[in-house]
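Source file: data19.csv (CSV, C-alpha atoms)
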```
chain,number,residue,atom,x,y,z
A,1,MET,CA,-34.4,-23.8,-1.6
A,2,ALA,CA,-36.1,-27.2,-1.9
A,3,ILE,CA,-38.5,-26.6,1.1
A,4,ILE,CA,-41.5,-24.6,-0.1
A,5,ILE,CA,-43.5,-22.5,2.3
A,6,ASN,CA,-47.3,-22.6,1.5
A,7,LEU,CA,-48.2,-20.3,4.4
A,8,ASP,CA,-50.0,-17.7,2.2
A,9,VAL,CA,-52.3,-20.5,0.8
A,10,VAL,CA,-53.3,-21.6,4.3
A,11,MET,CA,-53.8,-18.0,5.4
A,12,ALA,CA,-56.1,-17.3,2.4
A,13,GLN,CA,-58.1,-20.5,3.2
A,14,ARG,CA,-58.5,-19.4,6.9
A,15,LYS,CA,-59.1,-15.8,5.8
A,16,ILE,CA,-56.5,-14.3,8.2
A,17,SER,CA,-54.3,-11.3,7.4
A,18,SER,CA,-50.5,-11.2,7.9
A,19,ASN,CA,-50.7,-8.6,10.8
A,20,GLU,CA,-53.3,-10.7,12.6
A,21,LEU,CA,-51.3,-13.9,12.3
A,22,ALA,CA,-48.1,-12.2,13.3
A,23,ASP,CA,-49.8,-10.8,16.4
A,24,THR,CA,-51.3,-14.2,17.3
A,25,ILE,CA,-48.0,-16.2,17.0
A,26,GLY,CA,-45.8,-13.4,18.5
A,27,ILE,CA,-43.5,-12.6,15.7
A,28,THR,CA,-43.0,-9.3,13.8
A,29,PRO,CA,-44.9,-8.8,10.5
A,30,ALA,CA,-41.4,-8.4,8.9
A,31,ASN,CA,-40.4,-11.8,10.0
A,32,LEU,CA,-43.7,-13.3,8.9
A,33,SER,CA,-43.1,-11.7,5.5
A,34,ILE,CA,-39.6,-13.3,5.4
A,35,LEU,CA,-41.2,-16.7,6.1
A,36,LYS,CA,-44.0,-16.3,3.5
A,37,THR,CA,-41.6,-15.2,0.7
A,38,GLY,CA,-39.3,-18.2,1.4
A,39,LYS,CA,-36.3,-16.1,2.4
A,40,ALA,CA,-36.0,-17.6,5.9
A,41,LYS,CA,-33.1,-19.9,6.5
A,42,ALA,CA,-34.6,-21.8,9.4
A,43,ILE,CA,-37.8,-22.0,11.5
A,44,ARG,CA,-38.0,-22.8,15.2
A,45,PHE,CA,-40.3,-25.6,16.3
A,46,SER,CA,-41.9,-23.2,18.7
A,47,THR,CA,-42.8,-20.9,15.8
A,48,LEU,CA,-44.1,-23.8,13.7
A,49,GLU,CA,-46.2,-25.0,16.6
A,50,ALA,CA,-47.6,-21.5,17.1
A,51,ILE,CA,-48.5,-21.2,13.4
A,52,CYS,CA,-50.2,-24.6,13.3
A,53,GLU,CA,-52.2,-23.7,16.4
A,54,ALA,CA,-53.2,-20.3,15.0
A,55,LEU,CA,-54.2,-21.7,11.6
A,56,ASP,CA,-55.5,-25.1,12.9
A,57,CYS,CA,-53.4,-27.1,10.4
A,58,GLN,CA,-50.6,-29.6,10.2
A,59,PRO,CA,-46.9,-28.7,9.5
A,60,GLY,CA,-47.3,-30.6,6.2
A,61,ASP,CA,-50.0,-28.1,5.1
A,62,ILE,CA,-47.5,-25.3,5.4
A,63,LEU,CA,-44.2,-27.0,4.3
A,64,SER,CA,-43.6,-29.1,1.3
A,65,TYR,CA,-40.5,-30.5,-0.4
A,66,GLU,CA,-39.7,-30.2,-4.1
A,67,LYS,CA,-36.5,-31.8,-5.3
A,68,GLU,CA,-34.1,-29.2,-6.9
A,69,LEU,CA,-33.1,-30.1,-10.5
B,1,MET,CA,-14.5,-5.3,27.1
B,2,LYS,CA,-14.6,-2.0,25.2
B,3,LYS,CA,-11.9,-0.6,27.5
B,4,LYS,CA,-9.6,-3.5,26.6
B,5,PHE,CA,-10.4,-3.2,22.9
B,6,ASN,CA,-9.7,0.6,23.0
B,7,THR,CA,-6.5,0.2,24.9
B,8,ILE,CA,-5.2,-2.4,22.4
B,9,ALA,CA,-6.3,-0.2,19.5
B,10,ILE,CA,-4.4,2.8,20.9
B,11,LEU,CA,-1.3,0.6,21.3
B,12,ILE,CA,-1.6,-0.6,17.7
B,13,LEU,CA,-2.0,3.0,16.5
B,14,ILE,CA,1.2,4.0,18.4
B,15,ALA,CA,3.1,1.0,17.0
B,16,LEU,CA,1.8,1.7,13.5
B,17,ALA,CA,2.8,5.4,13.6
B,18,THR,CA,6.2,4.5,15.2
B,19,SER,CA,7.0,1.9,12.6
B,20,PHE,CA,6.1,4.3,9.8
B,21,ILE,CA,8.4,7.0,11.2
B,22,VAL,CA,11.3,4.6,11.8
B,23,ASN,CA,11.0,2.9,8.4
B,24,SER,CA,10.5,6.1,6.6
B,25,SER,CA,13.3,8.0,8.4
B,26,LEU,CA,15.8,7.7,5.6
B,27,ALA,CA,13.2,8.4,3.0
B,28,ILE,CA,12.1,11.5,4.9
B,29,ASP,CA,15.7,12.6,5.4
B,30,ASP,CA,16.3,12.2,1.6
B,31,PHE,CA,13.1,14.2,0.9
B,32,THR,CA,13.9,17.0,3.4
B,33,ALA,CA,17.6,17.2,2.3
B,34,GLY,CA,16.5,17.6,-1.3
B,35,PHE,CA,13.8,20.1,-0.4
B,36,GLU,CA,16.2,22.2,1.7
B,37,GLU,CA,18.8,22.2,-1.1
B,38,GLY,CA,16.3,23.2,-3.6
B,39,PHE,CA,14.9,26.0,-1.3
B,40,LYS,CA,18.4,27.3,-0.6
B,41,SER,CA,19.4,27.3,-4.3
B,42,GLN,CA,16.2,29.1,-5.1
B,43,LYS,CA,17.0,31.8,-2.5
B,44,LYS,CA,20.5,32.2,-3.9
B,45,ASP,CA,19.0,32.4,-7.4
B,46,ASN,CA,21.1,29.5,-8.8
B,47,ILE,CA,20.4,25.9,-9.5
B,48,SER,CA,21.8,23.4,-7.0
B,49,THR,CA,24.5,21.2,-8.5
B,50,THR,CA,24.9,18.8,-5.7
B,51,THR,CA,22.7,16.1,-4.1
B,52,SER,CA,23.1,14.2,-0.8
B,53,TYR,CA,22.6,10.4,-0.4
B,54,TRP,CA,22.6,8.2,2.6
B,55,LEU,CA,24.7,5.1,2.1
B,56,ASP,CA,24.8,2.0,4.2
B,57,VAL,CA,28.3,0.4,3.8
B,58,ILE,CA,30.2,-2.5,5.1
B,59,ASN,CA,34.0,-2.9,5.1
B,60,THR,CA,35.1,-5.7,2.7
B,61,GLU,CA,38.8,-5.8,3.2
B,62,GLU,CA,40.9,-6.5,6.3
B,63,SER,CA,42.1,-2.9,6.3
B,64,GLU,CA,43.0,-0.7,9.2
B,65,TYR,CA,40.5,1.4,11.0
B,66,ASN,CA,41.1,4.6,9.1
B,67,PHE,CA,38.9,7.1,10.9
B,68,THR,CA,39.3,8.5,14.4
B,69,LEU,CA,37.3,10.4,16.9
B,70,THR,CA,37.7,11.5,20.5
B,71,SER,CA,35.8,9.4,23.2
B,72,LYS,CA,33.7,11.5,25.5
B,73,ASN,CA,34.5,9.1,28.3
B,74,ASN,CA,38.2,9.5,28.7
B,75,GLN,CA,39.2,11.8,25.9
B,76,GLU,CA,40.9,8.8,24.2
B,77,GLN,CA,41.4,8.7,20.5
B,78,VAL,CA,39.1,5.9,19.1
B,79,THR,CA,39.4,4.5,15.6
B,80,PHE,CA,36.4,3.3,13.7
B,81,LYS,CA,35.1,2.2,10.3
B,82,PRO,CA,32.0,4.0,9.0
B,83,ARG,CA,28.8,2.1,8.5
B,84,VAL,CA,26.3,4.8,7.4
B,85,ILE,CA,27.6,7.7,5.3
B,86,LEU,CA,25.9,10.8,4.0
B,87,ALA,CA,27.6,11.5,0.7
B,88,LYS,CA,27.3,14.5,-1.4
B,89,THR,CA,27.9,14.4,-5.1
B,90,THR,CA,27.2,16.6,-8.1
B,91,LYS,CA,23.9,16.0,-9.7
B,92,SER,CA,24.1,13.2,-12.2
B,93,LYS,CA,23.1,13.8,-15.8
B,94,ASN,CA,22.7,10.1,-16.2
B,95,GLU,CA,19.2,9.4,-17.5
B,96,SER,CA,18.7,6.2,-15.6
B,97,VAL,CA,19.6,7.9,-12.3
B,98,ALA,CA,17.1,10.7,-13.1
B,99,THR,CA,14.4,8.1,-13.8
B,100,LEU,CA,15.2,6.2,-10.7
B,101,SER,CA,15.2,9.4,-8.6
B,102,THR,CA,11.7,10.2,-10.0
B,103,ILE,CA,10.5,6.7,-9.1
B,104,THR,CA,11.8,7.1,-5.5
B,105,SER,CA,10.1,10.4,-5.1
B,106,ILE,CA,6.8,9.0,-6.3
B,107,MET,CA,7.2,6.0,-4.1
B,108,VAL,CA,7.8,8.2,-1.0
B,109,LEU,CA,4.6,10.1,-1.8
B,110,ALA,CA,2.6,7.0,-2.5
B,111,THR,CA,3.8,5.4,0.8
B,112,CYS,CA,2.7,8.5,2.7
B,113,ILE,CA,-0.7,8.4,1.1
B,114,THR,CA,-1.3,4.7,1.6
B,115,PHE,CA,-0.1,4.8,5.2
B,116,ILE,CA,-2.3,7.8,6.1
B,117,MET,CA,-5.2,5.9,4.5
B,118,SER,CA,-4.5,2.9,6.7
B,119,ILE,CA,-4.4,5.0,9.8
B,120,VAL,CA,-7.7,6.8,8.8
B,121,PHE,CA,-9.5,3.5,8.2
B,122,PHE,CA,-8.1,2.0,11.3
B,123,ILE,CA,-9.6,4.9,13.3
B,124,LYS,CA,-12.9,4.5,11.4
B,125,PHE,CA,-12.9,0.8,12.3
B,126,ILE,CA,-12.3,1.6,16.0
B,127,PHE,CA,-15.1,4.2,16.1
B,128,ALA,CA,-17.5,1.9,14.4
B,129,VAL,CA,-16.9,-0.9,16.9
B,130,ASN,CA,-17.3,1.6,19.7
B,131,ARG,CA,-20.7,2.5,18.3
B,132,GLY,CA,-21.7,-1.2,18.4
B,133,ILE,CA,-21.2,-1.8,14.7
B,134,VAL,CA,-19.4,-5.1,14.9
B,135,PHE,CA,-20.8,-7.8,12.4
B,136,ASP,CA,-21.7,-5.3,9.7
B,137,ARG,CA,-20.6,-5.0,6.0
B,138,ARG,CA,-19.1,-1.5,6.8
B,139,ILE,CA,-16.6,-3.2,9.1
B,140,LEU,CA,-15.6,-5.5,6.2
B,141,PHE,CA,-15.0,-2.5,4.0
B,142,TYR,CA,-12.8,-0.7,6.6
B,143,LEU,CA,-10.8,-3.9,7.2
B,144,LYS,CA,-10.4,-4.4,3.4
B,145,ILE,CA,-9.1,-0.9,2.8
B,146,LEU,CA,-6.8,-1.1,5.9
B,147,GLY,CA,-5.3,-4.4,4.8
B,148,TRP,CA,-4.7,-3.5,1.2
B,149,SER,CA,-3.3,0.0,2.1
B,150,LEU,CA,-0.7,-1.7,4.4
B,151,ILE,CA,0.2,-4.1,1.6
B,152,LEU,CA,0.5,-1.2,-0.9
B,153,SER,CA,2.7,0.7,1.6
B,154,PHE,CA,4.9,-2.4,1.8
B,155,ALA,CA,5.1,-2.5,-2.0
B,156,CYS,CA,5.9,1.2,-2.4
B,157,MET,CA,8.6,1.1,0.3
B,158,THR,CA,10.1,-2.0,-1.3
B,159,ILE,CA,10.3,-0.3,-4.6
B,160,TYR,CA,11.8,2.8,-2.9
B,161,SER,CA,14.4,0.7,-1.2
B,162,LEU,CA,15.4,-1.1,-4.4
B,163,THR,CA,15.6,2.1,-6.5
B,164,SER,CA,17.5,4.0,-3.8
B,165,TYR,CA,20.0,1.1,-3.7
B,166,GLN,CA,20.3,1.1,-7.4
B,167,ILE,CA,20.9,4.8,-7.5
B,168,SER,CA,23.6,4.5,-4.8
B,169,LYS,CA,25.3,1.6,-6.8
B,170,GLU,CA,25.3,3.7,-10.0
B,171,LEU,CA,26.7,6.8,-8.4
B,172,PHE,CA,29.2,5.5,-5.8
B,173,ASP,CA,31.9,2.9,-5.7
B,174,ILE,CA,33.8,3.2,-2.5
B,175,GLN,CA,37.1,1.3,-2.4
B,176,GLY,CA,37.2,-1.2,0.5
B,177,TYR,CA,33.5,-0.9,1.1
B,178,LYS,CA,30.4,-2.7,-0.2
B,179,LEU,CA,27.2,-0.8,-0.5
B,180,LEU,CA,24.2,-2.3,1.3
B,181,MET,CA,20.5,-1.4,1.1
B,182,ALA,CA,20.1,1.6,3.3
B,183,GLN,CA,16.4,1.3,3.7
B,184,PRO,CA,15.3,-2.1,5.0
B,185,ILE,CA,12.2,-3.8,3.4
B,186,PRO,CA,9.4,-3.6,5.9
B,187,PHE,CA,8.1,-7.2,5.7
B,188,PHE,CA,6.0,-6.7,8.8
B,189,TRP,CA,3.8,-4.2,6.9
B,190,LEU,CA,3.0,-7.1,4.5
B,191,LEU,CA,2.4,-9.4,7.5
B,192,GLY,CA,0.2,-6.8,9.1
B,193,GLY,CA,-1.8,-6.3,5.9
B,194,LEU,CA,-2.3,-10.0,5.3
B,195,THR,CA,-3.3,-10.6,8.9
B,196,ILE,CA,-6.0,-7.9,8.6
B,197,LEU,CA,-7.3,-9.5,5.4
B,198,LEU,CA,-7.5,-12.8,7.3
B,199,ILE,CA,-9.4,-11.1,10.1
B,200,LYS,CA,-11.7,-9.6,7.5
B,201,GLN,CA,-12.6,-13.1,6.2
B,202,PHE,CA,-13.2,-14.2,9.8
B,203,VAL,CA,-15.6,-11.3,10.3
B,204,ALA,CA,-17.3,-12.1,7.0
B,205,MET,CA,-18.0,-15.6,8.3
B,206,GLY,CA,-19.4,-14.1,11.5
B,207,ILE,CA,-21.7,-11.8,9.4
B,208,LYS,CA,-23.0,-14.8,7.4
B,209,MET,CA,-23.8,-16.7,10.6
B,210,LYS,CA,-25.5,-13.6,12.0
B,211,GLU,CA,-27.6,-13.2,8.8
B,212,GLU,CA,-28.6,-16.8,9.0
B,213,GLN,CA,-29.5,-16.4,12.7
B,214,ASP,CA,-31.5,-13.3,11.8
B,215,LEU,CA,-33.3,-15.2,9.1
B,216,THR,CA,-34.3,-18.0,11.6
B,217,ILE,CA,-37.9,-17.3,12.4
```
Target encoding structure tokens, full file:
Amino acid sequence: MAIIINLDVVMAQRKISSNELADTIGITPANLSILKTGKAKAIRFSTLEAICEALDCQPGDILSYEKEL
Amino acid sequence: MKKKFNTIAILILIALATSFIVNSSLAIDDFTAGFEEGFKSQKKDNISTTTSYWLDVINTEESEYNFTLTSKNNQEQVTFKPRVILAKTTKSKNESVATLSTITSIMVLATCITFIMSIVFFIKFIFAVNRGIVFDRRILFYLKILGWSLILSFACMTIYSLTSYQISKELFDIQGYKLLMAQPIPFFWLLGGLTILLIKQFVAMGIKMKEEQDLTI
């Protein structure tokens, strides 16, 4: 997929674990793992808002675009 | 919703079983007649020299109604022309007839097996849906086997019809009558099988949509 999820980078910078973040934003650790590994097909705005609030970051810090060759 | 689903499923099962019995009636008659003859000849300790065949005939000439029977209604003598005949003949030593007979026996057996498979997988599909397994890969598997087994049943019955017709043509030549195919080709089995494969594709689309929905965080 051309959209890259850099969630693990931001989590490492904020020193927050997957379980803590999952609890804070209200999704299961399994779903958070799906998001981190790039297997997710779509993300709701409400989830993105919750992540940005929990990690105190911008959507652009978590998502990036790389053109597929 | 489940009640309606189960009601329709039971009706389909009854229709499936009935169509199998109706379409296989001649094949089953052939099989049982042959089995009985073989059994009787074994009891008498001699090898049976005759075989029975069902023939579907149509009158080709403008001839008189040659056969008579007594009407139950008013005891009147009624004339008729036969349409379906059970003919007995000595066992043919013709190799091609023997080969065709073997093929018909194999096709009857194959049809029974594929039809039983279709009924088994149909029941598995109904039970799975009743357990709440709807958009799941197991349903796709059951529908695939069900569809293909119906199509295979159609293929086996078609071969049986054609080979039986060929045997009849090789053994009999009835003056004033034309031989027809005694066993009709069950096209609705092919239609049923293809429809089920189409439904399988529809369910596969549903599963893909569900997976995408499940992967929406």
For the contact check between chain B and chain A, emit one row per residue of chain B within 7 Å, containing the shortest atom pair and the distance in Å rounded to one decimal, counting only C-alpha atoms, chain then rising number order, as a tab-separated table.
```
residue	atom	partner	partner_atom	distance
B:Glu212	CA	A:Lys41	CA	6.0
B:Leu215	CA	A:Ala40	CA	4.8
B:Thr216	CA	A:Ala42	CA	4.4
B:Ile217	CA	A:Ile43	CA	4.8
```
Can you tell me which residues surround segment 12-21 of chain A at a distance of at most 10 Å, considering only C-alpha atoms, apart from same-chain residues fewer than 6 positions away, and format the answer as a CSV table (one decimal) with C-alpha atoms, in the frame of the given file?
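The result, written out as selection-v8.csv:
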```csv
chain,number,residue,atom,x,y,z
A,27,ILE,CA,-43.5,-12.6,15.7
A,28,THR,CA,-43.0,-9.3,13.8
A,29,PRO,CA,-44.9,-8.8,10.5
A,30,ALA,CA,-41.4,-8.4,8.9
A,32,LEU,CA,-43.7,-13.3,8.9
A,33,SER,CA,-43.1,-11.7,5.5
A,36,LYS,CA,-44.0,-16.3,3.5
A,50,ALA,CA,-47.6,-21.5,17.1
A,51,ILE,CA,-48.5,-21.2,13.4
A,54,ALA,CA,-53.2,-20.3,15.0
A,55,LEU,CA,-54.2,-21.7,11.6
A,56,ASP,CA,-55.5,-25.1,12.9
A,57,CYS,CA,-53.4,-27.1,10.4
```
Please, what distance in Å, to one decimal, runs between atom CA of Val134 of chain B and atom CA of Ala204 of chain B?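 Atom-to-atom, atom CA of Val134 of chain B to atom CA of Ala204 of chain B, that is 10.8 Å.
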What separates atom CA of Gln166 of chain B and atom CA of Leu191 of chain B is a distance of 25.5 Å
Expressed in Å to a single decimal, how great is the separation between atom CA of Tyr165 of chain B and atom CA of Ser19 of chain B? 20.9 Å
At a cut-off of 12 Å, using all atoms listed in the file, what residues contact Thr195 of chain B? Leave out same-chain residues fewer than 2 positions from it and give the result as a ChimeraX atom specification. /B:143-144,146-148,150-151,188-193,197-202
From B:Leu69, B:Met117, B:Val84, B:Leu109, residue lying nearest Tyr177 of chain B [only C-alpha atoms]: B:Val84
Just add all heavy atoms to segment 28-39 of chain A and send it as a PDB file, keeping the file's coordinate frame.
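Output (rebuild01.pdb):
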```pdb
ATOM      1  N   THR A  28     -42.801 -10.578  14.470  1.00  0.00           N
ATOM      2  CA  THR A  28     -43.000  -9.300  13.800  1.00  0.00           C
ATOM      3  C   THR A  28     -43.593  -9.548  12.391  1.00  0.00           C
ATOM      4  O   THR A  28     -43.306 -10.601  11.797  1.00  0.00           O
ATOM      5  CB  THR A  28     -41.749  -8.473  13.675  1.00  0.00           C
ATOM      6  OG1 THR A  28     -40.804  -9.215  12.894  1.00  0.00           O
ATOM      7  CG2 THR A  28     -41.140  -8.170  15.051  1.00  0.00           C
ATOM      8  N   PRO A  29     -44.387  -8.610  11.847  1.00  0.00           N
ATOM      9  CA  PRO A  29     -44.900  -8.800  10.500  1.00  0.00           C
ATOM     10  C   PRO A  29     -43.736  -8.904   9.462  1.00  0.00           C
ATOM     11  O   PRO A  29     -43.864  -9.635   8.476  1.00  0.00           O
ATOM     12  CB  PRO A  29     -45.658  -7.456  10.217  1.00  0.00           C
ATOM     13  CG  PRO A  29     -46.068  -7.003  11.573  1.00  0.00           C
ATOM     14  CD  PRO A  29     -44.954  -7.412  12.491  1.00  0.00           C
ATOM     15  N   ALA A  30     -42.610  -8.260   9.763  1.00  0.00           N
ATOM     16  CA  ALA A  30     -41.400  -8.400   8.900  1.00  0.00           C
ATOM     17  C   ALA A  30     -40.935  -9.795   8.813  1.00  0.00           C
ATOM     18  O   ALA A  30     -40.641 -10.331   7.732  1.00  0.00           O
ATOM     19  CB  ALA A  30     -40.343  -7.420   9.343  1.00  0.00           C
ATOM     20  N   ASN A  31     -40.834 -10.427   9.990  1.00  0.00           N
ATOM     21  CA  ASN A  31     -40.400 -11.800  10.000  1.00  0.00           C
ATOM     22  C   ASN A  31     -41.347 -12.756   9.366  1.00  0.00           C
ATOM     23  O   ASN A  31     -40.943 -13.724   8.704  1.00  0.00           O
ATOM     24  CB  ASN A  31     -40.127 -12.246  11.502  1.00  0.00           C
ATOM     25  CG  ASN A  31     -38.784 -11.784  12.030  1.00  0.00           C
ATOM     26  OD1 ASN A  31     -37.970 -11.259  11.263  1.00  0.00           O
ATOM     27  ND2 ASN A  31     -38.537 -11.955  13.310  1.00  0.00           N
ATOM     28  N   LEU A  32     -42.651 -12.484   9.543  1.00  0.00           N
ATOM     29  CA  LEU A  32     -43.700 -13.300   8.900  1.00  0.00           C
ATOM     30  C   LEU A  32     -43.559 -13.183   7.377  1.00  0.00           C
ATOM     31  O   LEU A  32     -43.690 -14.170   6.643  1.00  0.00           O
ATOM     32  CB  LEU A  32     -45.078 -12.875   9.356  1.00  0.00           C
ATOM     33  CG  LEU A  32     -46.219 -13.769   8.862  1.00  0.00           C
ATOM     34  CD1 LEU A  32     -46.105 -15.183   9.422  1.00  0.00           C
ATOM     35  CD2 LEU A  32     -47.576 -13.178   9.236  1.00  0.00           C
ATOM     36  N   SER A  33     -43.266 -11.983   6.918  1.00  0.00           N
ATOM     37  CA  SER A  33     -43.100 -11.700   5.500  1.00  0.00           C
ATOM     38  C   SER A  33     -41.871 -12.525   4.958  1.00  0.00           C
ATOM     39  O   SER A  33     -41.911 -13.105   3.869  1.00  0.00           O
ATOM     40  CB  SER A  33     -42.893 -10.247   5.255  1.00  0.00           C
ATOM     41  OG  SER A  33     -42.528 -10.007   3.923  1.00  0.00           O
ATOM     42  N   ILE A  34     -40.799 -12.543   5.765  1.00  0.00           N
ATOM     43  CA  ILE A  34     -39.600 -13.300   5.400  1.00  0.00           C
ATOM     44  C   ILE A  34     -39.938 -14.770   5.237  1.00  0.00           C
ATOM     45  O   ILE A  34     -39.480 -15.451   4.305  1.00  0.00           O
ATOM     46  CB  ILE A  34     -38.470 -13.097   6.432  1.00  0.00           C
ATOM     47  CG1 ILE A  34     -37.892 -11.681   6.326  1.00  0.00           C
ATOM     48  CG2 ILE A  34     -37.353 -14.123   6.283  1.00  0.00           C
ATOM     49  CD1 ILE A  34     -37.001 -11.278   7.491  1.00  0.00           C
ATOM     50  N   LEU A  35     -40.787 -15.258   6.140  1.00  0.00           N
ATOM     51  CA  LEU A  35     -41.200 -16.700   6.100  1.00  0.00           C
ATOM     52  C   LEU A  35     -42.050 -16.962   4.884  1.00  0.00           C
ATOM     53  O   LEU A  35     -41.823 -17.939   4.165  1.00  0.00           O
ATOM     54  CB  LEU A  35     -41.974 -16.958   7.396  1.00  0.00           C
ATOM     55  CG  LEU A  35     -42.199 -18.422   7.778  1.00  0.00           C
ATOM     56  CD1 LEU A  35     -40.876 -19.149   7.932  1.00  0.00           C
ATOM     57  CD2 LEU A  35     -42.979 -18.495   9.088  1.00  0.00           C
ATOM     58  N   LYS A  36     -43.017 -16.090   4.633  1.00  0.00           N
ATOM     59  CA  LYS A  36     -44.000 -16.300   3.500  1.00  0.00           C
ATOM     60  C   LYS A  36     -43.233 -16.269   2.173  1.00  0.00           C
ATOM     61  O   LYS A  36     -43.564 -17.026   1.265  1.00  0.00           O
ATOM     62  CB  LYS A  36     -45.010 -15.162   3.511  1.00  0.00           C
ATOM     63  CG  LYS A  36     -46.185 -15.440   4.443  1.00  0.00           C
ATOM     64  CD  LYS A  36     -47.073 -14.235   4.638  1.00  0.00           C
ATOM     65  CE  LYS A  36     -47.664 -13.736   3.357  1.00  0.00           C
ATOM     66  NZ  LYS A  36     -48.535 -12.553   3.548  1.00  0.00           N
ATOM     67  N   THR A  37     -42.242 -15.374   2.035  1.00  0.00           N
ATOM     68  CA  THR A  37     -41.600 -15.200   0.700  1.00  0.00           C
ATOM     69  C   THR A  37     -40.437 -16.246   0.541  1.00  0.00           C
ATOM     70  O   THR A  37     -39.758 -16.223  -0.479  1.00  0.00           O
ATOM     71  CB  THR A  37     -40.975 -13.810   0.599  1.00  0.00           C
ATOM     72  OG1 THR A  37     -40.174 -13.539   1.743  1.00  0.00           O
ATOM     73  CG2 THR A  37     -42.067 -12.781   0.459  1.00  0.00           C
ATOM     74  N   GLY A  38     -40.253 -17.141   1.507  1.00  0.00           N
ATOM     75  CA  GLY A  38     -39.300 -18.200   1.400  1.00  0.00           C
ATOM     76  C   GLY A  38     -37.825 -17.747   1.583  1.00  0.00           C
ATOM     77  O   GLY A  38     -36.876 -18.437   1.198  1.00  0.00           O
ATOM     78  N   LYS A  39     -37.627 -16.573   2.194  1.00  0.00           N
ATOM     79  CA  LYS A  39     -36.300 -16.100   2.400  1.00  0.00           C
ATOM     80  C   LYS A  39     -35.683 -16.583   3.744  1.00  0.00           C
ATOM     81  O   LYS A  39     -34.498 -16.436   4.000  1.00  0.00           O
ATOM     82  CB  LYS A  39     -36.252 -14.542   2.439  1.00  0.00           C
ATOM     83  CG  LYS A  39     -36.418 -13.945   1.059  1.00  0.00           C
ATOM     84  CD  LYS A  39     -36.454 -12.442   1.107  1.00  0.00           C
ATOM     85  CE  LYS A  39     -36.767 -11.896  -0.282  1.00  0.00           C
ATOM     86  NZ  LYS A  39     -37.264 -10.532  -0.240  1.00  0.00           N
TER      87      LYS A  39
END
```
